[in-house]
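Participant: Quick one: the structure is below, questions incoming.
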Amino acid sequence: MKRLFLIVLDSCGIGEAPDAAKFGDEGSNTLRACADTGLLNIPNMERLGMFNIDGMDWRAGCAAPSGAYGRLQERADGKDTTTGHWEIAGLTLTEPFPTFPNGFPDDIIAEFKKISGRGVLCNKPYSGTEVIKDYGAEHMKTGDLIVYTSADSVFQIAAHEDVVPLEELYEICEKTRRLLDPLKVGRVIARPFIGETGSFTRTKNRHDFSYKPPKNTLLDDMKAAGLDVISVGKIADIFAGKGITEAVRTASNADGMRRTDEYLSADFNGLCFVNLVDFDMLYGHRNDADGYARALSEFDEWLGGFTARLGEDDAVMITADHGCDPSTPSTDHSREYIFLLACGKGIKPANIGTRGTFADIGKTIADIFGIENELDGTSFKDMILR
């Protein structure tokens, strides 16, 4: 194997995990919610084996899947982006990132005011689109920063680009990242927006500042072995740049797919790790099941052309990092199984079954490239390679 493309459809879970009740997510099934709209059309993923995966008793699978397929349960105690991606890359968190259902403590906010030189609005869990509706006008008048969180371990800072220039907002986020490191907060997120009162919209200039992985991941091990580790989308942010040899940011799913196409035409040896965030950001969190279904269909159409161009030494794996069921009252992530689909000239049709940790993905990739490692998980390489 020379090149492997690992593509994460951010939040595309495939059904409640056994411990979903602990997270208040009983009954969640992101993929089924999309299918129930009648708009889901994913023939390429279907042929690879999507509906042959364990638990897919609500839709018939194909007679002879052409890819390797299966589902994985998260071992770490979380359902957020960072926890999911790290576990995929072979690092399982033993303690969950802290969350702040009542907002951030007074002492943290006081320090934040000092390092930012600005006041604070909100400081409680909030929808990202609603918070700028409710606090945007006051922010425009005062210059105070809109600070909010969610069910995830995130410190989010919203600011109008005409009030707080991007450079200043990013600098504030970098300082805040250092402030919150002792608490091990998962991510500090810059959430710039534009517009006027009554018509504020978030821009594509979001930037995540993640807590650094405390141990080596698949990315570190591949880089140390002299292989390329290319980030497309927010992968570099999620891993705080660790183990990355080259990175490109993306503005949308379409941009991410275009960038991935470019790397398919490039000469590299190693991993191209892709995150397509629109599924989560634009559709899951906004409970837009129709939009989610259409976006999955658009990805599937692109996938058909992408896989047709794979070389003899190329493979692609497609997966998710958690759920975000757009049909439930909650707008937060959901504790779900994730799927795995794999194909390429060297990949044989196989059912890898139900796996006990996302880390099996990273362990398998390391095994495919012959890298010695101490990653979590169990390799299924011998099940899928010809």
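Every chain in the structure tokens has a letter given in the order shown (A, B, ...), and although residue numbers restart at 1 in each chain, ligands are simply numbered from 1 in the order shown.
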From a DSSP pass on the backbone, collect the residues of segment 23-188 of chain A flagged as strand (DSSP E) and hand them back as an NGL selection string.
Facilitator: :A and (68-72 or 120-125 or 145-149 or 154-160 or 187-188)
Participant: For Gly24 of chain A, work out the shell of residues within 9 Å, counting only C-alpha atoms and skipping chain neighbours fewer than 4 positions away, then give it as a list in words.
Facilitator: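 Counting only C-alpha atoms, the residues come to Ala20, Ser334 and Arg335 of chain A.
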Participant: Could you save the residues just selected, with N, CA, C and O atoms, as a PDB file, in the first residue's frame?
Facilitator:
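Saved the output as again24.pdb:
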ATOM      1  N   ALA A  20     -25.966   4.220  24.983  1.00  0.00           N
ATOM      2  CA  ALA A  20     -26.564   5.493  24.565  1.00  0.00           C
ATOM      3  C   ALA A  20     -27.429   6.126  25.650  1.00  0.00           C
ATOM      4  O   ALA A  20     -27.497   7.353  25.774  1.00  0.00           O
ATOM      5  N   SER A 334     -24.762  12.704  19.241  1.00  0.00           N
ATOM      6  CA  SER A 334     -25.406  11.530  19.813  1.00  0.00           C
ATOM      7  C   SER A 334     -24.414  10.369  19.883  1.00  0.00           C
ATOM      8  O   SER A 334     -23.541  10.226  19.035  1.00  0.00           O
ATOM      9  N   ARG A 335     -24.572   9.561  20.918  1.00  0.00           N
ATOM     10  CA  ARG A 335     -23.690   8.417  21.171  1.00  0.00           C
ATOM     11  C   ARG A 335     -24.139   7.257  20.276  1.00  0.00           C
ATOM     12  O   ARG A 335     -25.126   6.567  20.573  1.00  0.00           O
TER      13      ARG A 335
END
Participant: Taking only C-alpha atoms into account, which of A:Ser265, A:Thr307, A:Ser127, A:Thr81 comes nearest Gly67 of chain A?
Facilitator: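 Counting only C-alpha atoms, the residue closest to Gly67 of chain A is A:Thr307.
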Participant: Fewer than 2 positions away in the same chain doesn't count, so skip those; otherwise give me all residues within 8 Å of Lys212 of chain A, counting only C-alpha atoms, as a list in words.
Facilitator: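 Skipping anything fewer than 2 positions along the chain leaves Ser210, Pro214, Phe239, Ala240 and Lys242 of chain A.
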Participant: Please dump the current selection as a PDB file, in the first residue's frame; keep all heavy atoms.
Facilitator:
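Below is the file that was written, selection06.pdb:
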ATOM      1  N   SER A 210      -7.184  23.049  19.502  1.00  0.00           N
ATOM      2  CA  SER A 210      -7.419  21.844  20.294  1.00  0.00           C
ATOM      3  C   SER A 210      -6.356  21.613  21.367  1.00  0.00           C
ATOM      4  O   SER A 210      -5.207  22.043  21.237  1.00  0.00           O
ATOM      5  CB  SER A 210      -7.459  20.618  19.377  1.00  0.00           C
ATOM      6  OG  SER A 210      -8.597  20.641  18.570  1.00  0.00           O
ATOM      7  N   PRO A 214      -2.182  13.724  24.374  1.00  0.00           N
ATOM      8  CA  PRO A 214      -1.169  13.474  25.410  1.00  0.00           C
ATOM      9  C   PRO A 214      -0.205  12.339  25.075  1.00  0.00           C
ATOM     10  O   PRO A 214       0.819  12.191  25.733  1.00  0.00           O
ATOM     11  CB  PRO A 214      -2.021  13.119  26.639  1.00  0.00           C
ATOM     12  CG  PRO A 214      -3.290  12.572  26.074  1.00  0.00           C
ATOM     13  CD  PRO A 214      -3.540  13.336  24.819  1.00  0.00           C
ATOM     14  N   PHE A 239      -5.910  17.617  15.938  1.00  0.00           N
ATOM     15  CA  PHE A 239      -4.702  17.022  16.508  1.00  0.00           C
ATOM     16  C   PHE A 239      -3.664  18.085  16.892  1.00  0.00           C
ATOM     17  O   PHE A 239      -2.512  17.741  17.171  1.00  0.00           O
ATOM     18  CB  PHE A 239      -4.104  16.012  15.528  1.00  0.00           C
ATOM     19  CG  PHE A 239      -4.928  14.762  15.389  1.00  0.00           C
ATOM     20  CD1 PHE A 239      -5.977  14.693  14.485  1.00  0.00           C
ATOM     21  CD2 PHE A 239      -4.680  13.662  16.194  1.00  0.00           C
ATOM     22  CE1 PHE A 239      -6.757  13.547  14.363  1.00  0.00           C
ATOM     23  CE2 PHE A 239      -5.453  12.515  16.088  1.00  0.00           C
ATOM     24  CZ  PHE A 239      -6.493  12.458  15.173  1.00  0.00           C
ATOM     25  N   ALA A 240      -4.083  19.349  16.909  1.00  0.00           N
ATOM     26  CA  ALA A 240      -3.195  20.454  17.286  1.00  0.00           C
ATOM     27  C   ALA A 240      -1.896  20.435  16.482  1.00  0.00           C
ATOM     28  O   ALA A 240      -0.833  20.802  16.979  1.00  0.00           O
ATOM     29  CB  ALA A 240      -2.904  20.423  18.785  1.00  0.00           C
ATOM     30  N   LYS A 242      -0.072  17.987  15.598  1.00  0.00           N
ATOM     31  CA  LYS A 242       0.850  16.878  15.887  1.00  0.00           C
ATOM     32  C   LYS A 242       0.731  15.777  14.829  1.00  0.00           C
ATOM     33  O   LYS A 242      -0.346  15.277  14.541  1.00  0.00           O
ATOM     34  CB  LYS A 242       0.582  16.281  17.264  1.00  0.00           C
ATOM     35  CG  LYS A 242       1.113  17.111  18.420  1.00  0.00           C
ATOM     36  CD  LYS A 242       0.940  16.375  19.744  1.00  0.00           C
ATOM     37  CE  LYS A 242       2.056  15.393  20.044  1.00  0.00           C
ATOM     38  NZ  LYS A 242       1.788  14.010  19.700  1.00  0.00           N
TER      39      LYS A 242
END
Participant: Quick one: pick out all helix (DSSP H, G or I) residues within segment 276-363 of chain A from a backbone DSSP run and write them as a PDB file with all heavy atoms, in the first residue's frame.
Facilitator:
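Final output, saved to out_24.pdb:
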ATOM      1  N   ASP A 278     -19.451  19.634   7.107  1.00  0.00           N
ATOM      2  CA  ASP A 278     -20.787  20.188   6.869  1.00  0.00           C
ATOM      3  C   ASP A 278     -21.899  19.281   7.379  1.00  0.00           C
ATOM      4  O   ASP A 278     -22.956  19.764   7.811  1.00  0.00           O
ATOM      5  CB  ASP A 278     -21.010  20.448   5.380  1.00  0.00           C
ATOM      6  CG  ASP A 278     -20.277  21.675   4.862  1.00  0.00           C
ATOM      7  OD1 ASP A 278     -19.621  22.356   5.688  1.00  0.00           O
ATOM      8  OD2 ASP A 278     -20.345  21.955   3.652  1.00  0.00           O
ATOM      9  N   PHE A 279     -21.696  17.954   7.317  1.00  0.00           N
ATOM     10  CA  PHE A 279     -22.728  17.047   7.814  1.00  0.00           C
ATOM     11  C   PHE A 279     -23.117  17.408   9.241  1.00  0.00           C
ATOM     12  O   PHE A 279     -24.295  17.458   9.593  1.00  0.00           O
ATOM     13  CB  PHE A 279     -22.227  15.596   7.769  1.00  0.00           C
ATOM     14  CG  PHE A 279     -21.874  15.105   6.401  1.00  0.00           C
ATOM     15  CD1 PHE A 279     -20.557  14.843   6.063  1.00  0.00           C
ATOM     16  CD2 PHE A 279     -22.855  14.924   5.437  1.00  0.00           C
ATOM     17  CE1 PHE A 279     -20.217  14.388   4.802  1.00  0.00           C
ATOM     18  CE2 PHE A 279     -22.529  14.475   4.162  1.00  0.00           C
ATOM     19  CZ  PHE A 279     -21.206  14.209   3.847  1.00  0.00           C
ATOM     20  N   ASP A 280     -22.126  17.656  10.065  1.00  0.00           N
ATOM     21  CA  ASP A 280     -22.330  17.989  11.474  1.00  0.00           C
ATOM     22  C   ASP A 280     -22.753  19.445  11.653  1.00  0.00           C
ATOM     23  O   ASP A 280     -23.793  19.741  12.245  1.00  0.00           O
ATOM     24  CB  ASP A 280     -21.025  17.723  12.230  1.00  0.00           C
ATOM     25  CG  ASP A 280     -21.151  17.891  13.732  1.00  0.00           C
ATOM     26  OD1 ASP A 280     -22.038  17.265  14.326  1.00  0.00           O
ATOM     27  OD2 ASP A 280     -20.343  18.634  14.322  1.00  0.00           O
ATOM     28  N   MET A 281     -21.973  20.343  11.106  1.00  0.00           N
ATOM     29  CA  MET A 281     -22.129  21.769  11.382  1.00  0.00           C
ATOM     30  C   MET A 281     -23.400  22.366  10.764  1.00  0.00           C
ATOM     31  O   MET A 281     -24.122  23.125  11.412  1.00  0.00           O
ATOM     32  CB  MET A 281     -20.901  22.524  10.863  1.00  0.00           C
ATOM     33  CG  MET A 281     -20.914  24.019  11.151  1.00  0.00           C
ATOM     34  SD  MET A 281     -19.360  24.810  10.667  1.00  0.00           S
ATOM     35  CE  MET A 281     -19.409  24.639   8.874  1.00  0.00           C
ATOM     36  N   LEU A 282     -23.666  21.999   9.513  1.00  0.00           N
ATOM     37  CA  LEU A 282     -24.791  22.612   8.807  1.00  0.00           C
ATOM     38  C   LEU A 282     -26.094  21.848   8.943  1.00  0.00           C
ATOM     39  O   LEU A 282     -27.177  22.448   8.818  1.00  0.00           O
ATOM     40  CB  LEU A 282     -24.462  22.758   7.320  1.00  0.00           C
ATOM     41  CG  LEU A 282     -23.276  23.654   6.957  1.00  0.00           C
ATOM     42  CD1 LEU A 282     -23.166  23.780   5.437  1.00  0.00           C
ATOM     43  CD2 LEU A 282     -23.413  25.032   7.595  1.00  0.00           C
ATOM     44  N   TYR A 283     -26.014  20.540   9.182  1.00  0.00           N
ATOM     45  CA  TYR A 283     -27.230  19.736   9.135  1.00  0.00           C
ATOM     46  C   TYR A 283     -27.552  19.025  10.444  1.00  0.00           C
ATOM     47  O   TYR A 283     -28.687  19.107  10.923  1.00  0.00           O
ATOM     48  CB  TYR A 283     -27.122  18.718   7.989  1.00  0.00           C
ATOM     49  CG  TYR A 283     -26.738  19.380   6.685  1.00  0.00           C
ATOM     50  CD1 TYR A 283     -25.531  19.093   6.057  1.00  0.00           C
ATOM     51  CD2 TYR A 283     -27.570  20.346   6.112  1.00  0.00           C
ATOM     52  CE1 TYR A 283     -25.168  19.718   4.875  1.00  0.00           C
ATOM     53  CE2 TYR A 283     -27.211  20.979   4.932  1.00  0.00           C
ATOM     54  CZ  TYR A 283     -26.004  20.669   4.316  1.00  0.00           C
ATOM     55  OH  TYR A 283     -25.641  21.310   3.162  1.00  0.00           O
ATOM     56  N   GLY A 284     -26.588  18.339  11.045  1.00  0.00           N
ATOM     57  CA  GLY A 284     -26.854  17.641  12.299  1.00  0.00           C
ATOM     58  C   GLY A 284     -27.245  18.589  13.412  1.00  0.00           C
ATOM     59  O   GLY A 284     -28.287  18.437  14.049  1.00  0.00           O
ATOM     60  N   ALA A 289     -32.662  17.266   8.612  1.00  0.00           N
ATOM     61  CA  ALA A 289     -32.509  15.908   8.084  1.00  0.00           C
ATOM     62  C   ALA A 289     -32.508  15.898   6.553  1.00  0.00           C
ATOM     63  O   ALA A 289     -31.762  15.131   5.937  1.00  0.00           O
ATOM     64  CB  ALA A 289     -33.627  15.013   8.621  1.00  0.00           C
ATOM     65  N   ASP A 290     -33.324  16.744   5.944  1.00  0.00           N
ATOM     66  CA  ASP A 290     -33.358  16.811   4.477  1.00  0.00           C
ATOM     67  C   ASP A 290     -32.003  17.249   3.932  1.00  0.00           C
ATOM     68  O   ASP A 290     -31.479  16.658   2.977  1.00  0.00           O
ATOM     69  CB  ASP A 290     -34.443  17.782   4.005  1.00  0.00           C
ATOM     70  CG  ASP A 290     -35.852  17.239   4.177  1.00  0.00           C
ATOM     71  OD1 ASP A 290     -35.997  16.099   4.652  1.00  0.00           O
ATOM     72  OD2 ASP A 290     -36.813  17.962   3.839  1.00  0.00           O
ATOM     73  N   GLY A 291     -31.440  18.293   4.522  1.00  0.00           N
ATOM     74  CA  GLY A 291     -30.136  18.782   4.083  1.00  0.00           C
ATOM     75  C   GLY A 291     -29.050  17.736   4.289  1.00  0.00           C
ATOM     76  O   GLY A 291     -28.165  17.575   3.438  1.00  0.00           O
ATOM     77  N   TYR A 292     -29.122  17.033   5.412  1.00  0.00           N
ATOM     78  CA  TYR A 292     -28.143  15.980   5.706  1.00  0.00           C
ATOM     79  C   TYR A 292     -28.222  14.881   4.641  1.00  0.00           C
ATOM     80  O   TYR A 292     -27.200  14.426   4.105  1.00  0.00           O
ATOM     81  CB  TYR A 292     -28.426  15.395   7.089  1.00  0.00           C
ATOM     82  CG  TYR A 292     -27.237  14.815   7.819  1.00  0.00           C
ATOM     83  CD1 TYR A 292     -26.978  15.146   9.153  1.00  0.00           C
ATOM     84  CD2 TYR A 292     -26.374  13.912   7.197  1.00  0.00           C
ATOM     85  CE1 TYR A 292     -25.890  14.616   9.839  1.00  0.00           C
ATOM     86  CE2 TYR A 292     -25.286  13.370   7.870  1.00  0.00           C
ATOM     87  CZ  TYR A 292     -25.055  13.726   9.190  1.00  0.00           C
ATOM     88  OH  TYR A 292     -23.973  13.192   9.864  1.00  0.00           O
ATOM     89  N   ALA A 293     -29.451  14.452   4.321  1.00  0.00           N
ATOM     90  CA  ALA A 293     -29.628  13.394   3.328  1.00  0.00           C
ATOM     91  C   ALA A 293     -29.095  13.825   1.964  1.00  0.00           C
ATOM     92  O   ALA A 293     -28.435  13.045   1.258  1.00  0.00           O
ATOM     93  CB  ALA A 293     -31.106  13.022   3.232  1.00  0.00           C
ATOM     94  N   ARG A 294     -29.363  15.054   1.590  1.00  0.00           N
ATOM     95  CA  ARG A 294     -28.868  15.551   0.299  1.00  0.00           C
ATOM     96  C   ARG A 294     -27.338  15.606   0.291  1.00  0.00           C
ATOM     97  O   ARG A 294     -26.698  15.271  -0.712  1.00  0.00           O
ATOM     98  CB  ARG A 294     -29.447  16.937   0.013  1.00  0.00           C
ATOM     99  CG  ARG A 294     -30.954  16.948  -0.275  1.00  0.00           C
ATOM    100  CD  ARG A 294     -31.403  18.307  -0.797  1.00  0.00           C
ATOM    101  NE  ARG A 294     -32.839  18.370  -0.961  1.00  0.00           N
ATOM    102  CZ  ARG A 294     -33.691  18.890  -0.085  1.00  0.00           C
ATOM    103  NH1 ARG A 294     -33.223  19.417   1.063  1.00  0.00           N
ATOM    104  NH2 ARG A 294     -34.981  18.905  -0.310  1.00  0.00           N
ATOM    105  N   ALA A 295     -26.751  16.039   1.424  1.00  0.00           N
ATOM    106  CA  ALA A 295     -25.287  16.126   1.495  1.00  0.00           C
ATOM    107  C   ALA A 295     -24.645  14.741   1.402  1.00  0.00           C
ATOM    108  O   ALA A 295     -23.608  14.578   0.746  1.00  0.00           O
ATOM    109  CB  ALA A 295     -24.869  16.822   2.787  1.00  0.00           C
ATOM    110  N   LEU A 296     -25.238  13.744   2.040  1.00  0.00           N
ATOM    111  CA  LEU A 296     -24.718  12.383   1.922  1.00  0.00           C
ATOM    112  C   LEU A 296     -24.838  11.870   0.484  1.00  0.00           C
ATOM    113  O   LEU A 296     -23.937  11.193  -0.019  1.00  0.00           O
ATOM    114  CB  LEU A 296     -25.472  11.444   2.873  1.00  0.00           C
ATOM    115  CG  LEU A 296     -25.099  11.526   4.349  1.00  0.00           C
ATOM    116  CD1 LEU A 296     -26.071  10.694   5.193  1.00  0.00           C
ATOM    117  CD2 LEU A 296     -23.670  11.079   4.602  1.00  0.00           C
ATOM    118  N   SER A 297     -25.921  12.229  -0.160  1.00  0.00           N
ATOM    119  CA  SER A 297     -26.104  11.814  -1.556  1.00  0.00           C
ATOM    120  C   SER A 297     -25.076  12.474  -2.455  1.00  0.00           C
ATOM    121  O   SER A 297     -24.546  11.844  -3.389  1.00  0.00           O
ATOM    122  CB  SER A 297     -27.524  12.158  -2.016  1.00  0.00           C
ATOM    123  OG  SER A 297     -28.500  11.531  -1.194  1.00  0.00           O
ATOM    124  N   GLU A 298     -24.770  13.737  -2.185  1.00  0.00           N
ATOM    125  CA  GLU A 298     -23.751  14.449  -2.968  1.00  0.00           C
ATOM    126  C   GLU A 298     -22.375  13.825  -2.751  1.00  0.00           C
ATOM    127  O   GLU A 298     -21.598  13.667  -3.698  1.00  0.00           O
ATOM    128  CB  GLU A 298     -23.735  15.925  -2.582  1.00  0.00           C
ATOM    129  CG  GLU A 298     -24.968  16.683  -3.048  1.00  0.00           C
ATOM    130  CD  GLU A 298     -25.116  18.044  -2.378  1.00  0.00           C
ATOM    131  OE1 GLU A 298     -24.227  18.413  -1.563  1.00  0.00           O
ATOM    132  OE2 GLU A 298     -26.121  18.733  -2.645  1.00  0.00           O
ATOM    133  N   PHE A 299     -22.080  13.469  -1.506  1.00  0.00           N
ATOM    134  CA  PHE A 299     -20.806  12.809  -1.236  1.00  0.00           C
ATOM    135  C   PHE A 299     -20.725  11.480  -1.975  1.00  0.00           C
ATOM    136  O   PHE A 299     -19.706  11.147  -2.578  1.00  0.00           O
ATOM    137  CB  PHE A 299     -20.615  12.572   0.262  1.00  0.00           C
ATOM    138  CG  PHE A 299     -19.457  11.653   0.572  1.00  0.00           C
ATOM    139  CD1 PHE A 299     -18.157  12.119   0.521  1.00  0.00           C
ATOM    140  CD2 PHE A 299     -19.677  10.298   0.849  1.00  0.00           C
ATOM    141  CE1 PHE A 299     -17.077  11.261   0.764  1.00  0.00           C
ATOM    142  CE2 PHE A 299     -18.609   9.440   1.085  1.00  0.00           C
ATOM    143  CZ  PHE A 299     -17.313   9.923   1.039  1.00  0.00           C
ATOM    144  N   ASP A 300     -21.797  10.717  -1.934  1.00  0.00           N
ATOM    145  CA  ASP A 300     -21.801   9.409  -2.575  1.00  0.00           C
ATOM    146  C   ASP A 300     -21.578   9.519  -4.084  1.00  0.00           C
ATOM    147  O   ASP A 300     -20.849   8.708  -4.670  1.00  0.00           O
ATOM    148  CB  ASP A 300     -23.120   8.692  -2.291  1.00  0.00           C
ATOM    149  CG  ASP A 300     -23.099   7.248  -2.731  1.00  0.00           C
ATOM    150  OD1 ASP A 300     -22.618   6.404  -1.955  1.00  0.00           O
ATOM    151  OD2 ASP A 300     -23.531   6.961  -3.871  1.00  0.00           O
ATOM    152  N   GLU A 301     -22.189  10.520  -4.687  1.00  0.00           N
ATOM    153  CA  GLU A 301     -21.981  10.721  -6.125  1.00  0.00           C
ATOM    154  C   GLU A 301     -20.512  11.020  -6.410  1.00  0.00           C
ATOM    155  O   GLU A 301     -19.927  10.491  -7.359  1.00  0.00           O
ATOM    156  CB  GLU A 301     -22.869  11.856  -6.629  1.00  0.00           C
ATOM    157  CG  GLU A 301     -22.754  12.095  -8.128  1.00  0.00           C
ATOM    158  CD  GLU A 301     -23.682  13.187  -8.625  1.00  0.00           C
ATOM    159  OE1 GLU A 301     -24.351  13.845  -7.801  1.00  0.00           O
ATOM    160  OE2 GLU A 301     -23.727  13.406  -9.848  1.00  0.00           O
ATOM    161  N   TRP A 302     -19.901  11.878  -5.584  1.00  0.00           N
ATOM    162  CA  TRP A 302     -18.473  12.182  -5.732  1.00  0.00           C
ATOM    163  C   TRP A 302     -17.637  10.923  -5.517  1.00  0.00           C
ATOM    164  O   TRP A 302     -16.674  10.666  -6.242  1.00  0.00           O
ATOM    165  CB  TRP A 302     -18.064  13.254  -4.721  1.00  0.00           C
ATOM    166  CG  TRP A 302     -16.584  13.444  -4.624  1.00  0.00           C
ATOM    167  CD1 TRP A 302     -15.792  14.222  -5.415  1.00  0.00           C
ATOM    168  CD2 TRP A 302     -15.696  12.816  -3.675  1.00  0.00           C
ATOM    169  NE1 TRP A 302     -14.479  14.129  -5.027  1.00  0.00           N
ATOM    170  CE2 TRP A 302     -14.383  13.273  -3.973  1.00  0.00           C
ATOM    171  CE3 TRP A 302     -15.885  11.930  -2.620  1.00  0.00           C
ATOM    172  CZ2 TRP A 302     -13.276  12.864  -3.227  1.00  0.00           C
ATOM    173  CZ3 TRP A 302     -14.783  11.517  -1.893  1.00  0.00           C
ATOM    174  CH2 TRP A 302     -13.498  11.985  -2.190  1.00  0.00           C
ATOM    175  N   LEU A 303     -18.021  10.110  -4.514  1.00  0.00           N
ATOM    176  CA  LEU A 303     -17.255   8.920  -4.163  1.00  0.00           C
ATOM    177  C   LEU A 303     -17.131   7.968  -5.347  1.00  0.00           C
ATOM    178  O   LEU A 303     -16.075   7.351  -5.549  1.00  0.00           O
ATOM    179  CB  LEU A 303     -17.912   8.207  -2.977  1.00  0.00           C
ATOM    180  CG  LEU A 303     -17.216   6.939  -2.479  1.00  0.00           C
ATOM    181  CD1 LEU A 303     -15.849   7.257  -1.897  1.00  0.00           C
ATOM    182  CD2 LEU A 303     -18.098   6.233  -1.430  1.00  0.00           C
ATOM    183  N   GLY A 304     -18.193   7.828  -6.147  1.00  0.00           N
ATOM    184  CA  GLY A 304     -18.140   6.937  -7.287  1.00  0.00           C
ATOM    185  C   GLY A 304     -17.022   7.302  -8.251  1.00  0.00           C
ATOM    186  O   GLY A 304     -16.271   6.427  -8.708  1.00  0.00           O
ATOM    187  N   GLY A 305     -16.882   8.588  -8.543  1.00  0.00           N
ATOM    188  CA  GLY A 305     -15.806   9.030  -9.424  1.00  0.00           C
ATOM    189  C   GLY A 305     -14.444   8.915  -8.777  1.00  0.00           C
ATOM    190  O   GLY A 305     -13.449   8.584  -9.441  1.00  0.00           O
ATOM    191  N   PHE A 306     -14.385   9.163  -7.467  1.00  0.00           N
ATOM    192  CA  PHE A 306     -13.107   9.107  -6.744  1.00  0.00           C
ATOM    193  C   PHE A 306     -12.560   7.680  -6.721  1.00  0.00           C
ATOM    194  O   PHE A 306     -11.390   7.437  -7.037  1.00  0.00           O
ATOM    195  CB  PHE A 306     -13.297   9.632  -5.325  1.00  0.00           C
ATOM    196  CG  PHE A 306     -12.040   9.677  -4.506  1.00  0.00           C
ATOM    197  CD1 PHE A 306     -11.127  10.699  -4.672  1.00  0.00           C
ATOM    198  CD2 PHE A 306     -11.766   8.686  -3.572  1.00  0.00           C
ATOM    199  CE1 PHE A 306      -9.956  10.746  -3.911  1.00  0.00           C
ATOM    200  CE2 PHE A 306     -10.610   8.715  -2.811  1.00  0.00           C
ATOM    201  CZ  PHE A 306      -9.704   9.751  -2.991  1.00  0.00           C
ATOM    202  N   THR A 307     -13.388   6.721  -6.358  1.00  0.00           N
ATOM    203  CA  THR A 307     -12.910   5.343  -6.253  1.00  0.00           C
ATOM    204  C   THR A 307     -12.542   4.768  -7.622  1.00  0.00           C
ATOM    205  O   THR A 307     -11.650   3.914  -7.714  1.00  0.00           O
ATOM    206  CB  THR A 307     -13.963   4.446  -5.581  1.00  0.00           C
ATOM    207  OG1 THR A 307     -15.216   4.555  -6.280  1.00  0.00           O
ATOM    208  CG2 THR A 307     -14.168   4.857  -4.129  1.00  0.00           C
ATOM    209  N   ALA A 308     -13.196   5.262  -8.662  1.00  0.00           N
ATOM    210  CA  ALA A 308     -12.863   4.777 -10.012  1.00  0.00           C
ATOM    211  C   ALA A 308     -11.457   5.171 -10.429  1.00  0.00           C
ATOM    212  O   ALA A 308     -10.867   4.543 -11.319  1.00  0.00           O
ATOM    213  CB  ALA A 308     -13.885   5.310 -11.017  1.00  0.00           C
ATOM    214  N   ALA A 359     -10.469   2.613  17.775  1.00  0.00           N
ATOM    215  CA  ALA A 359      -9.012   2.535  17.618  1.00  0.00           C
ATOM    216  C   ALA A 359      -8.577   1.413  16.685  1.00  0.00           C
ATOM    217  O   ALA A 359      -7.444   1.427  16.192  1.00  0.00           O
ATOM    218  CB  ALA A 359      -8.341   2.364  18.980  1.00  0.00           C
ATOM    219  N   ASP A 360      -9.463   0.457  16.423  1.00  0.00           N
ATOM    220  CA  ASP A 360      -9.116  -0.609  15.487  1.00  0.00           C
ATOM    221  C   ASP A 360      -8.779  -0.052  14.108  1.00  0.00           C
ATOM    222  O   ASP A 360      -8.006  -0.661  13.362  1.00  0.00           O
ATOM    223  CB  ASP A 360     -10.260  -1.612  15.376  1.00  0.00           C
ATOM    224  CG  ASP A 360     -10.417  -2.478  16.619  1.00  0.00           C
ATOM    225  OD1 ASP A 360      -9.628  -2.303  17.568  1.00  0.00           O
ATOM    226  OD2 ASP A 360     -11.333  -3.316  16.648  1.00  0.00           O
ATOM    227  N   ILE A 361      -9.349   1.092  13.762  1.00  0.00           N
ATOM    228  CA  ILE A 361      -9.062   1.700  12.457  1.00  0.00           C
ATOM    229  C   ILE A 361      -7.602   2.126  12.379  1.00  0.00           C
ATOM    230  O   ILE A 361      -6.868   1.774  11.449  1.00  0.00           O
ATOM    231  CB  ILE A 361      -9.997   2.891  12.193  1.00  0.00           C
ATOM    232  CG1 ILE A 361     -11.457   2.431  12.116  1.00  0.00           C
ATOM    233  CG2 ILE A 361      -9.600   3.610  10.889  1.00  0.00           C
ATOM    234  CD1 ILE A 361     -12.459   3.571  11.990  1.00  0.00           C
ATOM    235  N   GLY A 362      -7.160   2.902  13.360  1.00  0.00           N
ATOM    236  CA  GLY A 362      -5.775   3.365  13.368  1.00  0.00           C
ATOM    237  C   GLY A 362      -4.788   2.218  13.470  1.00  0.00           C
ATOM    238  O   GLY A 362      -3.736   2.224  12.816  1.00  0.00           O
ATOM    239  N   LYS A 363      -5.113   1.216  14.296  1.00  0.00           N
ATOM    240  CA  LYS A 363      -4.238   0.060  14.457  1.00  0.00           C
ATOM    241  C   LYS A 363      -4.092  -0.676  13.130  1.00  0.00           C
ATOM    242  O   LYS A 363      -2.986  -1.109  12.761  1.00  0.00           O
ATOM    243  CB  LYS A 363      -4.829  -0.879  15.509  1.00  0.00           C
ATOM    244  CG  LYS A 363      -3.881  -1.979  15.976  1.00  0.00           C
ATOM    245  CD  LYS A 363      -2.798  -1.434  16.894  1.00  0.00           C
ATOM    246  CE  LYS A 363      -2.019  -2.549  17.570  1.00  0.00           C
ATOM    247  NZ  LYS A 363      -0.984  -2.026  18.496  1.00  0.00           N
TER     248      LYS A 363
END
Participant: Could you give me, as a list in words, the residues within 8 Å of Leu340 of chain A, counting only C-alpha atoms and dropping anything in the same chain fewer than 5 positions from it?
Facilitator: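 Counting only the stated atoms, we get Ala68, Tyr69, Gly70, Arg71, Leu72, Met317, Ile318, Thr319 and Ala320 of chain A.
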Participant: Quick one: residues within 10 Å of segment 227-233 of chain A, only C-alpha atoms counted, chain neighbours fewer than 6 positions away excluded, as a ChimeraX atom specification?
Facilitator: /A:2-7,218-221,239,241,243-253,255-257,259-260,263,268-277,369
Participant: Could you name the residues that touch Ala159 of chain A at 8 Å or less, counting only C-alpha atoms, but leaving out those on the same chain fewer than 2 positions away, as an MDAnalysis selection string?
Facilitator: chainID A and resid 139 145:146 157 161 163:164 169 191:193
Participant: Which neighbours of Lys381 of chain A fall inside 9 Å, counting only C-alpha atoms, when residues of the same chain fewer than 3 positions from it are skipped, and could you give them as a ChimeraX atom specification?
Facilitator: /A:363-365,367-368,384-385
